[in-house]
file input.cif (mmCIF, C-alpha atoms)
data_entry
loop_
_atom_site.label_atom_id
_atom_site.label_comp_id
_atom_site.auth_asym_id
_atom_site.auth_seq_id
_atom_site.Cartn_x
_atom_site.Cartn_y
_atom_site.Cartn_z
CA MET A 1 39.31 59.45 49.69
CA TYR A 2 42.44 59.29 47.62
CA ALA A 3 45.04 56.84 48.88
CA PHE A 4 47.71 58.04 51.31
CA GLN A 5 50.19 56.55 53.72
CA TYR A 6 49.46 56.84 57.43
CA ARG A 7 52.31 57.06 59.90
CA LYS A 8 52.13 57.51 63.62
CA ALA A 9 55.04 59.70 64.66
CA THR A 10 57.06 58.37 67.58
CA SER A 11 58.90 61.63 68.31
CA LEU A 12 58.45 65.30 67.57
CA LYS A 13 61.77 65.28 65.74
CA GLU A 14 60.62 62.43 63.50
CA ALA A 15 57.32 64.19 62.76
CA GLY A 16 59.14 67.40 61.83
CA GLU A 17 61.55 65.54 59.57
CA LEU A 18 58.86 63.53 57.82
CA LEU A 19 56.90 66.71 57.12
CA ALA A 20 59.95 68.70 56.03
CA LYS A 21 61.04 65.92 53.65
CA ASP A 22 57.70 65.64 51.87
CA GLU A 23 55.83 68.82 50.96
CA GLU A 24 52.64 66.88 50.30
CA ALA A 25 52.62 65.21 53.70
CA ARG A 26 50.21 66.61 56.30
CA PRO A 27 50.21 66.40 60.08
CA MET A 28 47.05 64.96 61.58
CA SER A 29 45.78 65.54 65.07
CA GLY A 30 42.11 64.78 65.85
CA GLY A 31 41.25 64.78 62.16
CA MET A 32 37.85 66.39 62.69
CA THR A 33 38.36 68.74 59.74
CA LEU A 34 41.03 66.84 57.85
CA ILE A 35 39.15 63.54 57.49
CA PRO A 36 35.95 65.14 56.12
CA THR A 37 38.16 67.17 53.76
CA LEU A 38 39.83 63.97 52.54
CA LYS A 39 36.49 62.22 52.16
CA ALA A 40 35.28 65.06 49.94
CA ARG A 41 38.49 64.68 47.90
CA LEU A 42 39.36 68.29 48.57
CA ALA A 43 42.90 67.36 49.58
CA GLN A 44 45.32 64.73 48.36
CA PRO A 45 48.20 64.35 50.80
CA THR A 46 50.83 61.68 50.21
CA GLN A 47 51.18 60.94 53.91
CA LEU A 48 49.31 61.67 57.10
CA ILE A 49 51.64 62.04 60.07
CA ASP A 50 49.64 61.32 63.22
CA ILE A 51 51.04 63.41 66.06
CA THR A 52 48.59 62.39 68.78
CA GLY A 53 50.97 59.83 70.26
CA LEU A 54 53.57 62.43 71.24
CA ALA A 55 53.67 62.92 75.00
CA GLU A 56 55.16 66.43 74.70
CA LEU A 57 51.95 67.63 73.02
CA PHE A 58 49.85 66.86 76.09
CA GLY A 59 49.53 68.42 79.51
CA ILE A 60 47.69 71.31 81.14
CA GLU A 61 49.36 73.53 83.73
CA VAL A 62 49.36 77.03 85.18
CA ARG A 63 52.79 78.64 85.48
CA ASP A 64 53.91 82.29 85.78
CA GLY A 65 50.41 83.68 85.31
CA GLN A 66 49.81 81.68 82.15
CA LEU A 67 47.77 78.61 81.32
CA PHE A 68 49.70 76.17 79.12
CA ILE A 69 47.75 73.58 77.16
CA GLY A 70 49.36 70.91 75.00
CA ALA A 71 48.39 71.01 71.33
CA ALA A 72 47.03 67.45 71.19
CA THR A 73 44.67 68.01 74.13
CA ARG A 74 41.12 67.11 73.08
CA HIS A 75 38.37 69.71 73.41
CA GLN A 76 36.56 67.59 76.00
CA GLN A 77 39.73 67.30 78.07
CA VAL A 78 39.99 71.10 78.12
CA ALA A 79 36.30 71.37 79.03
CA ASP A 80 36.61 68.82 81.85
CA SER A 81 39.97 69.97 83.23
CA LYS A 82 39.79 71.30 86.77
CA VAL A 83 42.93 73.32 86.13
CA VAL A 84 41.29 75.10 83.17
CA ARG A 85 37.97 75.47 84.98
CA ASP A 86 39.68 77.16 87.96
CA ALA A 87 42.16 79.32 86.03
CA LEU A 88 40.23 80.29 82.91
CA PRO A 89 36.59 79.16 83.07
CA ALA A 90 35.76 81.04 79.85
CA LEU A 91 38.05 78.66 77.96
CA ALA A 92 36.49 75.56 79.54
CA ASP A 93 33.06 76.86 78.53
CA LEU A 94 34.25 77.62 75.02
CA ALA A 95 35.68 74.11 74.65
CA ASN A 96 32.49 72.56 76.01
CA ASN A 97 30.48 74.18 73.20
CA ILE A 98 32.64 73.25 70.22
CA GLY A 99 30.82 71.07 67.67
CA ASP A 100 29.21 68.12 69.45
CA PRO A 101 30.33 65.52 72.01
CA GLN A 102 31.82 63.17 69.43
CA VAL A 103 33.81 66.01 67.86
CA ARG A 104 34.98 67.21 71.29
CA ASN A 105 36.23 63.70 72.08
CA ARG A 106 38.54 63.71 69.04
CA GLY A 107 39.27 67.30 68.01
CA THR A 108 42.30 69.05 69.51
CA LEU A 109 43.31 72.57 70.49
CA GLY A 110 46.38 72.58 68.25
CA GLY A 111 44.48 71.14 65.30
CA SER A 112 41.79 73.79 65.53
CA VAL A 113 44.26 76.66 65.86
CA ALA A 114 46.54 75.36 63.08
CA ASN A 115 43.56 74.92 60.76
CA ASN A 116 42.31 78.46 61.51
CA ASP A 117 38.80 77.90 60.22
CA PRO A 118 37.24 81.38 60.10
CA ALA A 119 34.29 80.08 62.15
CA ALA A 120 36.25 78.04 64.72
CA ASP A 121 35.97 78.95 68.41
CA TYR A 122 39.52 78.60 69.75
CA PRO A 123 41.07 81.35 67.58
CA ALA A 124 38.80 83.88 69.36
CA ALA A 125 40.26 82.88 72.73
CA VAL A 126 43.82 82.80 71.41
CA LEU A 127 43.56 86.32 69.92
CA GLY A 128 41.33 87.67 72.70
CA LEU A 129 43.82 86.63 75.37
CA ASP A 130 46.89 87.56 73.31
CA ALA A 131 48.13 84.00 73.71
CA LYS A 132 51.47 82.68 72.47
CA ILE A 133 51.65 79.78 70.06
CA ILE A 134 54.68 77.68 70.93
CA THR A 135 55.88 75.53 68.04
CA ASN A 136 58.76 73.11 67.58
CA LYS A 137 60.71 76.07 66.15
CA ARG A 138 59.67 79.30 67.91
CA GLU A 139 57.03 81.29 69.76
CA ILE A 140 54.47 83.20 67.72
CA ALA A 141 52.24 85.97 69.05
CA ALA A 142 48.52 85.49 68.30
CA THR A 143 48.43 88.74 66.33
CA ASP A 144 51.10 87.44 63.94
CA PHE A 145 49.83 83.89 63.85
CA PHE A 146 46.38 84.27 62.26
CA GLN A 147 46.59 85.42 58.66
CA GLY A 148 43.04 85.11 57.31
CA MET A 149 40.91 82.21 56.17
CA PHE A 150 42.74 78.90 56.86
CA ALA A 151 46.06 80.77 56.75
CA THR A 152 48.59 80.94 59.59
CA ALA A 153 52.24 81.82 60.17
CA LEU A 154 53.13 78.10 60.41
CA GLU A 155 55.83 76.97 58.00
CA ALA A 156 56.25 73.53 56.43
CA GLY A 157 57.28 71.05 59.10
CA GLU A 158 56.36 73.46 61.89
CA LEU A 159 54.05 72.00 64.53
CA ILE A 160 52.22 73.65 67.40
CA MET A 161 53.43 72.12 70.66
CA ARG A 162 51.42 74.12 73.15
CA ILE A 163 49.60 77.37 73.63
CA ALA A 164 50.26 79.77 76.49
CA PHE A 165 47.20 81.77 77.53
CA PRO A 166 47.99 84.76 79.80
CA LEU A 167 45.42 84.69 82.60
CA PRO A 168 43.04 87.66 82.43
CA LYS A 169 41.23 89.28 85.34
CA LYS A 170 38.00 88.06 83.80
CA ALA A 171 36.92 86.70 80.44
CA ALA A 172 33.85 85.34 78.67
CA TYR A 173 32.91 83.92 75.29
CA ALA A 174 29.49 84.12 73.67
CA LYS A 175 28.60 82.60 70.34
CA PHE A 176 25.62 82.15 68.11
CA PRO A 177 26.21 78.67 66.73
CA HIS A 178 24.97 77.58 63.36
CA PRO A 179 22.15 75.24 64.38
CA ALA A 180 23.35 72.34 62.22
CA SER A 181 27.14 72.51 62.37
CA GLY A 182 27.72 74.20 65.72
CA TYR A 183 30.26 76.51 64.06
CA ALA A 184 30.08 80.14 65.14
CA MET A 185 27.90 82.38 62.97
CA ALA A 186 29.41 84.96 65.28
CA GLY A 187 31.48 84.36 68.37
CA VAL A 188 32.95 87.04 70.62
CA PHE A 189 35.65 86.55 73.25
CA ILE A 190 36.14 89.38 75.72
CA ALA A 191 39.11 89.51 78.07
CA GLN A 192 39.59 92.04 80.83
CA THR A 193 43.33 92.28 81.44
CA ALA A 194 45.75 94.52 83.32
CA ASP A 195 46.44 96.26 79.99
CA GLY A 196 42.80 96.86 79.13
CA VAL A 197 39.97 95.09 77.37
CA ARG A 198 40.44 92.90 74.31
CA VAL A 199 37.59 91.82 72.05
CA ALA A 200 38.14 89.07 69.46
CA VAL A 201 35.52 88.08 66.91
CA THR A 202 35.25 84.77 65.06
CA GLY A 203 32.74 83.41 62.55
CA ALA A 204 31.79 86.76 61.07
CA GLY A 205 34.79 87.66 58.94
CA GLU A 206 37.40 85.97 56.78
CA GLY A 207 39.30 85.16 59.93
CA VAL A 208 39.41 86.03 63.60
CA PHE A 209 39.84 89.79 64.21
CA ARG A 210 39.81 92.36 67.02
CA TRP A 211 36.97 94.85 67.34
CA THR A 212 38.93 97.82 68.67
CA ASP A 213 35.96 100.22 68.92
CA ALA A 214 34.27 97.78 71.26
CA GLU A 215 37.50 97.42 73.27
CA ALA A 216 37.57 101.18 73.90
CA ALA A 217 33.86 101.31 74.77
CA LEU A 218 33.94 98.29 77.07
CA GLY A 219 37.09 99.61 78.72
CA LYS A 220 34.95 102.44 80.07
CA GLN A 221 31.81 100.47 80.82
CA MET A 222 31.51 96.66 80.69
CA ASP A 223 27.96 96.05 79.48
CA ALA A 224 25.83 95.80 76.35
CA ALA A 225 24.70 99.41 76.64
CA ALA A 226 28.27 100.56 76.03
CA LEU A 227 28.05 99.05 72.53
CA GLU A 228 24.71 100.60 71.60
CA ASN A 229 26.10 103.43 69.50
CA LEU A 230 28.76 101.31 67.79
CA THR A 231 28.39 99.83 64.34
CA LEU A 232 30.79 97.16 63.20
CA SER A 233 31.95 97.87 59.66
CA THR A 234 30.54 95.30 57.25
CA ASP A 235 33.42 95.73 54.79
CA ASN A 236 35.23 92.52 55.68
CA LEU A 237 32.34 90.43 56.97
CA ASN A 238 31.11 87.21 55.41
CA GLU A 239 27.93 86.93 53.41
CA ASP A 240 26.48 83.52 52.56
CA ILE A 241 23.25 81.52 52.60
CA HIS A 242 23.23 81.69 56.40
CA GLY A 243 23.20 85.46 56.67
CA THR A 244 24.05 88.85 55.18
CA ARG A 245 26.94 91.04 56.28
CA GLU A 246 24.56 93.35 58.10
CA TYR A 247 23.00 90.39 59.93
CA ARG A 248 26.44 89.22 61.02
CA ALA A 249 27.44 92.71 62.19
CA GLN A 250 24.32 92.78 64.37
CA LEU A 251 25.00 89.25 65.68
CA VAL A 252 28.54 90.29 66.66
CA LYS A 253 27.13 93.20 68.61
CA VAL A 254 24.59 91.02 70.40
CA MET A 255 27.18 88.36 71.23
CA ALA A 256 29.60 91.05 72.42
CA GLY A 257 26.85 92.37 74.69
CA ARG A 258 26.24 88.90 76.14
CA ALA A 259 29.94 88.28 76.70
CA ALA A 260 30.31 91.71 78.33
CA ALA A 261 27.42 90.95 80.70
CA ALA A 262 29.10 87.66 81.61
CA VAL A 263 32.42 89.41 82.26
CA ALA A 264 30.66 91.93 84.45
CA GLY A 265 28.93 89.08 86.26
CA LYS A 266 25.44 90.23 85.30
CA MET B 267 48.36 48.93 53.85
CA SER B 268 48.72 48.62 57.58
CA LYS B 269 48.33 45.76 60.00
CA ILE B 270 46.00 46.73 62.80
CA LYS B 271 44.93 45.09 66.00
CA MET B 272 42.18 46.30 68.29
CA THR B 273 39.79 44.94 70.87
CA VAL B 274 36.23 45.09 69.59
CA ASN B 275 33.47 44.22 72.03
CA GLY B 276 36.00 42.36 74.17
CA LYS B 277 37.47 40.31 71.36
CA THR B 278 40.88 40.86 69.78
CA CYS B 279 40.49 41.62 66.09
CA THR B 280 43.22 42.00 63.53
CA GLY B 281 43.17 43.17 59.96
CA ASP B 282 45.21 44.30 56.99
CA VAL B 283 43.63 47.53 55.89
CA GLU B 284 44.31 50.26 53.43
CA ASP B 285 45.29 53.35 55.41
CA ARG B 286 42.30 55.26 54.05
CA VAL B 287 39.70 52.77 55.35
CA LEU B 288 37.37 54.36 57.87
CA LEU B 289 36.70 52.71 61.21
CA ALA B 290 33.00 52.48 60.28
CA ASN B 291 33.83 50.53 57.14
CA PHE B 292 36.30 48.28 58.93
CA LEU B 293 33.67 47.40 61.52
CA ARG B 294 30.93 46.83 58.95
CA ASP B 295 32.77 45.30 55.99
CA GLU B 296 35.62 43.39 57.64
CA LEU B 297 34.17 42.47 61.03
CA LYS B 298 30.58 42.26 59.72
CA LEU B 299 29.34 44.34 62.66
CA THR B 300 26.63 46.05 60.67
CA GLY B 301 24.84 47.49 63.69
CA THR B 302 27.02 50.58 63.29
CA HIS B 303 25.18 52.56 60.64
CA VAL B 304 26.58 55.03 58.16
CA GLY B 305 23.97 57.72 57.71
CA CYS B 306 25.22 61.00 56.32
CA ASP B 307 28.87 60.01 55.85
CA THR B 308 29.71 63.69 56.46
CA SER B 309 30.33 63.66 60.24
CA GLN B 310 26.99 65.19 61.11
CA CYS B 311 24.35 62.58 61.88
CA GLY B 312 26.11 60.40 64.46
CA ALA B 313 24.46 57.13 63.34
CA CYS B 314 27.99 55.67 63.18
CA THR B 315 28.80 56.48 66.82
CA VAL B 316 30.89 53.87 68.65
CA HIS B 317 33.05 54.03 71.76
CA VAL B 318 36.81 54.20 71.35
CA ASP B 319 38.61 53.81 74.67
CA GLY B 320 35.36 54.64 76.40
CA ARG B 321 34.57 57.85 74.52
CA ALA B 322 31.80 58.32 71.93
CA VAL B 323 33.24 59.05 68.49
CA LYS B 324 31.92 59.12 64.94
CA SER B 325 33.43 56.07 63.30
CA CYS B 326 32.90 57.59 59.84
CA THR B 327 35.34 60.33 60.81
CA MET B 328 38.14 58.19 62.11
CA LEU B 329 40.52 55.95 60.23
CA ALA B 330 40.67 52.30 61.20
CA VAL B 331 44.46 52.70 61.60
CA GLN B 332 43.85 55.44 64.19
CA ALA B 333 42.04 52.85 66.30
CA ASP B 334 45.03 50.51 66.27
CA GLY B 335 45.53 49.29 69.83
CA ALA B 336 42.24 50.77 71.03
CA GLN B 337 39.29 49.30 72.89
CA VAL B 338 36.24 49.65 70.65
CA THR B 339 32.64 49.02 71.65
CA THR B 340 29.83 48.89 69.10
CA ILE B 341 26.09 48.51 69.59
CA GLU B 342 26.59 44.71 69.34
CA GLY B 343 28.78 44.81 72.44
CA LEU B 344 26.49 46.71 74.80
CA ALA B 345 24.25 43.90 76.02
CA LYS B 346 25.88 41.67 78.62
CA ASN B 347 24.93 38.01 79.13
CA GLY B 348 21.69 38.44 77.22
CA LYS B 349 20.66 41.45 79.30
CA LEU B 350 20.12 44.71 77.46
CA HIS B 351 22.19 47.75 78.45
CA PRO B 352 20.10 50.36 80.33
CA ALA B 353 20.19 52.60 77.24
CA GLN B 354 18.85 49.80 75.03
CA GLN B 355 16.18 48.88 77.58
CA ALA B 356 15.11 52.53 77.92
CA PHE B 357 14.85 53.13 74.17
CA THR B 358 12.58 50.07 73.97
CA GLU B 359 10.40 51.11 76.89
CA CYS B 360 10.05 54.75 75.82
CA HIS B 361 9.47 53.96 72.14
CA ALA B 362 12.38 56.26 71.34
CA LEU B 363 12.54 55.29 67.70
CA GLN B 364 10.46 55.07 64.60
CA CYS B 365 12.48 53.93 61.59
CA GLY B 366 15.39 52.94 63.83
CA PHE B 367 18.22 53.96 61.55
CA CYS B 368 19.73 56.50 63.96
CA THR B 369 19.11 54.28 66.99
CA PRO B 370 22.49 52.49 67.27
CA GLY B 371 24.26 55.86 67.32
CA MET B 372 21.70 57.38 69.69
CA ILE B 373 22.13 54.48 72.10
CA MET B 374 25.93 54.59 71.98
CA THR B 375 25.86 58.33 72.68
CA THR B 376 23.33 57.80 75.47
CA ALA B 377 25.48 55.11 77.07
CA ALA B 378 28.43 57.52 77.15
CA LEU B 379 26.26 60.42 78.30
CA ILE B 380 24.81 58.64 81.35
CA LYS B 381 28.28 57.47 82.33
CA ASP B 382 29.46 61.10 82.51
CA HIS B 383 26.14 62.44 83.83
CA PRO B 384 24.45 59.80 85.99
CA LYS B 385 21.52 62.18 86.61
CA PRO B 386 21.36 64.30 83.46
CA THR B 387 19.25 67.44 83.30
CA ASP B 388 17.19 68.21 80.18
CA ASP B 389 19.87 70.71 79.10
CA GLU B 390 22.65 68.17 79.55
CA ILE B 391 20.68 65.64 77.51
CA VAL B 392 20.00 68.03 74.63
CA HIS B 393 23.62 69.26 74.69
CA GLY B 394 24.83 65.65 74.85
CA LEU B 395 22.76 64.58 71.84
CA GLU B 396 23.84 67.45 69.59
CA GLY B 397 25.95 65.12 67.49
CA ASN B 398 23.08 62.76 66.69
CA LEU B 399 20.27 63.44 64.26
CA CYS B 400 16.89 61.72 64.17
CA ARG B 401 14.56 62.57 61.31
CA CYS B 402 11.49 60.70 62.64
CA THR B 403 10.80 61.18 66.30
CA GLY B 404 11.16 64.87 67.02
CA TYR B 405 13.45 63.79 69.87
CA LEU B 406 10.88 63.96 72.69
CA ASN B 407 10.85 60.24 73.35
CA ILE B 408 14.61 60.07 72.90
CA VAL B 409 15.09 62.62 75.68
CA LYS B 410 12.66 60.60 77.84
CA ALA B 411 14.63 57.46 77.07
CA VAL B 412 17.93 59.05 78.13
CA LYS B 413 16.37 59.96 81.48
CA ARG B 414 14.96 56.46 81.84
CA ALA B 415 18.35 54.98 80.91
CA ALA B 416 19.97 56.99 83.70
CA GLU B 417 17.35 55.72 86.15
CA LEU B 418 17.87 52.10 85.08
CA GLN B 419 21.62 52.53 85.34
CA GLY B 420 21.26 53.76 88.91
CA LYS B 421 19.24 50.70 89.98
#
call {"tool": "encode", "arguments": {"input": "input.cif", "output": "structure tokens"}}
result
Amino acid sequence: MYAFQYRKATSLKEAGELLAKDEEARPMSGGMTLIPTLKARLAQPTQLIDITGLAELFGIEVRDGQLFIGAATRHQQVADSKVVRDALPALADLANNIGDPQVRNRGTLGGSVANNDPAADYPAAVLGLDAKIITNKREIAATDFFQGMFATALEAGELIMRIAFPLPKKAAYAKFPHPASGYAMAGVFIAQTADGVRVAVTGAGEGVFRWTDAEAALGKQMDAAALENLTLSTDNLNEDIHGTREYRAQLVKVMAGRAAAAVAGK
Amino acid sequence: MSKIKMTVNGKTCTGDVEDRVLLANFLRDELKLTGTHVGCDTSQCGACTVHVDGRAVKSCTMLAVQADGAQVTTIEGLAKNGKLHPAQQAFTECHALQCGFCTPGMIMTTAALIKDHPKPTDDEIVHGLEGNLCRCTGYLNIVKAVKRAAELQGK
């Protein structure tokens, strides 16, 4: 690791100011991606501003048909929360299958969403549920927030405070994890809402995306058979040592089928 | 540099550390608690697992300054009054190790696992050990040991 200065922010205002003042400063939440990145010398920030001591970034509550979760909430806290389990069990399940126990004890919702790893799990739920990302400056719709691999709408000094997930009628997430890392080779979040079905895919492309053909098909019939005649275009899918584009397209279809069966309660 | 103060295995420890020093290195190099092993150094193998405020974490993926003010338990702090922790006793009884390098991390994860799941199922054990790699045993005896540890804890 290159040297840096660590500071634990004592207020959201202070964190925002420190980050705005120094372009090379970075906010740090759980650090589950940032610390390995620093260890590999792939980043050289001047300062790390630890935001996990800020009370306003914590808390889980249901209000006005939405589930609000503070950005610094650890994955395991989401998985273990009775509020989440009762209101949106698909999200508790998703959180309970991120990485491994040690990662879930440190990693945070806001950190994962802000990092926007193309194989991370949370972005699928955020886009699949059409959630709102509430920052210290504004509210951002999920569709506008994710902008491809590791890219988001966040500006310098802008921090996610909480995420508001509209509660669906039913939802489910199915993923095929990479056996070593736990990251999604393909992960599919399906939400059945008053406005129709939404299908969000992570792990397979350069960032989380919606599979609109599957949304239309599952809107008529919520099961794997409805997807049989669909083929996901391989144009924007990832190809690497773990699998070809075609393999990933097939995995997405299989995971979508599993998530659909779970939504339908089969 | 930062001044840090934490409770490690029940004792207050202080240090002046560079901000980039990892918790694993602080424990090993400054406090000489070398039971915490650094295996892969890439957040995968879990040999460096310790408890921070009661939760299992990989100490190679946490800065020492992040543990300022925390309660830290390492493998050296598990046994009480000369009596092995149920997880330690169970790993011994079930021969849940061969080379032993991953064992401190396995035991720390097991201790946290049986606290959350006093009667773990096979699935809960496998899911709970996903952050720990063992390259010798094939895991069978480790899974047996976790079950045995839960039994011993219940006695």
call {"tool": "resolve_selection", "arguments": {"input": "input.cif", "expression": "the PyMOL selection byres ((chain B) within 7 of (chain A))", "output": "MDAnalysis selection string"}}
result
chainID B and resid 285:286 308 321:324 327 394 396:397
call {"tool": "write_last_selection", "arguments": {"input": "input.cif", "atoms": "C-alpha atoms", "output": "JSON list (two decimals), in the frame of the given file"}}
result
[["chain", "number", "residue", "atom", "x", "y", "z"],
["B", 285, "ASP", "CA", 45.29, 53.35, 55.41],
["B", 286, "ARG", "CA", 42.30, 55.26, 54.05],
["B", 308, "THR", "CA", 29.71, 63.69, 56.46],
["B", 321, "ARG", "CA", 34.57, 57.85, 74.52],
["B", 322, "ALA", "CA", 31.80, 58.32, 71.93],
["B", 323, "VAL", "CA", 33.24, 59.05, 68.49],
["B", 324, "LYS", "CA", 31.92, 59.12, 64.94],
["B", 327, "THR", "CA", 35.34, 60.33, 60.81],
["B", 394, "GLY", "CA", 24.83, 65.65, 74.85],
["B", 396, "GLU", "CA", 23.84, 67.45, 69.59],
["B", 397, "GLY", "CA", 25.95, 65.12, 67.49]]
call {"tool": "atom_distance", "arguments": {"input": "input.cif", "atom1": "atom CA of Ala71 of chain A", "atom2": "atom CA of Lys170 of chain A"}}
result
23.5 Å
call {"tool": "atom_distance", "arguments": {"input": "input.cif", "atom1": "atom CA of Met272 of chain B", "atom2": "atom CA of Lys346 of chain B"}}
result
19.8 Å
call {"tool": "atom_distance", "arguments": {"input": "input.cif", "atom1": "atom CA of Glu296 of chain B", "atom2": "atom CA of Gly335 of chain B"}}
result
16.8 Å
call {"tool": "resolve_selection", "arguments": {"input": "input.cif", "expression": "the PyMOL selection byres ((chain A and resi 232) around 12)", "output": "number ranges by chain"}}
result
A: 201, 204-205, 209-214, 227-231, 233-237, 245-254, 256
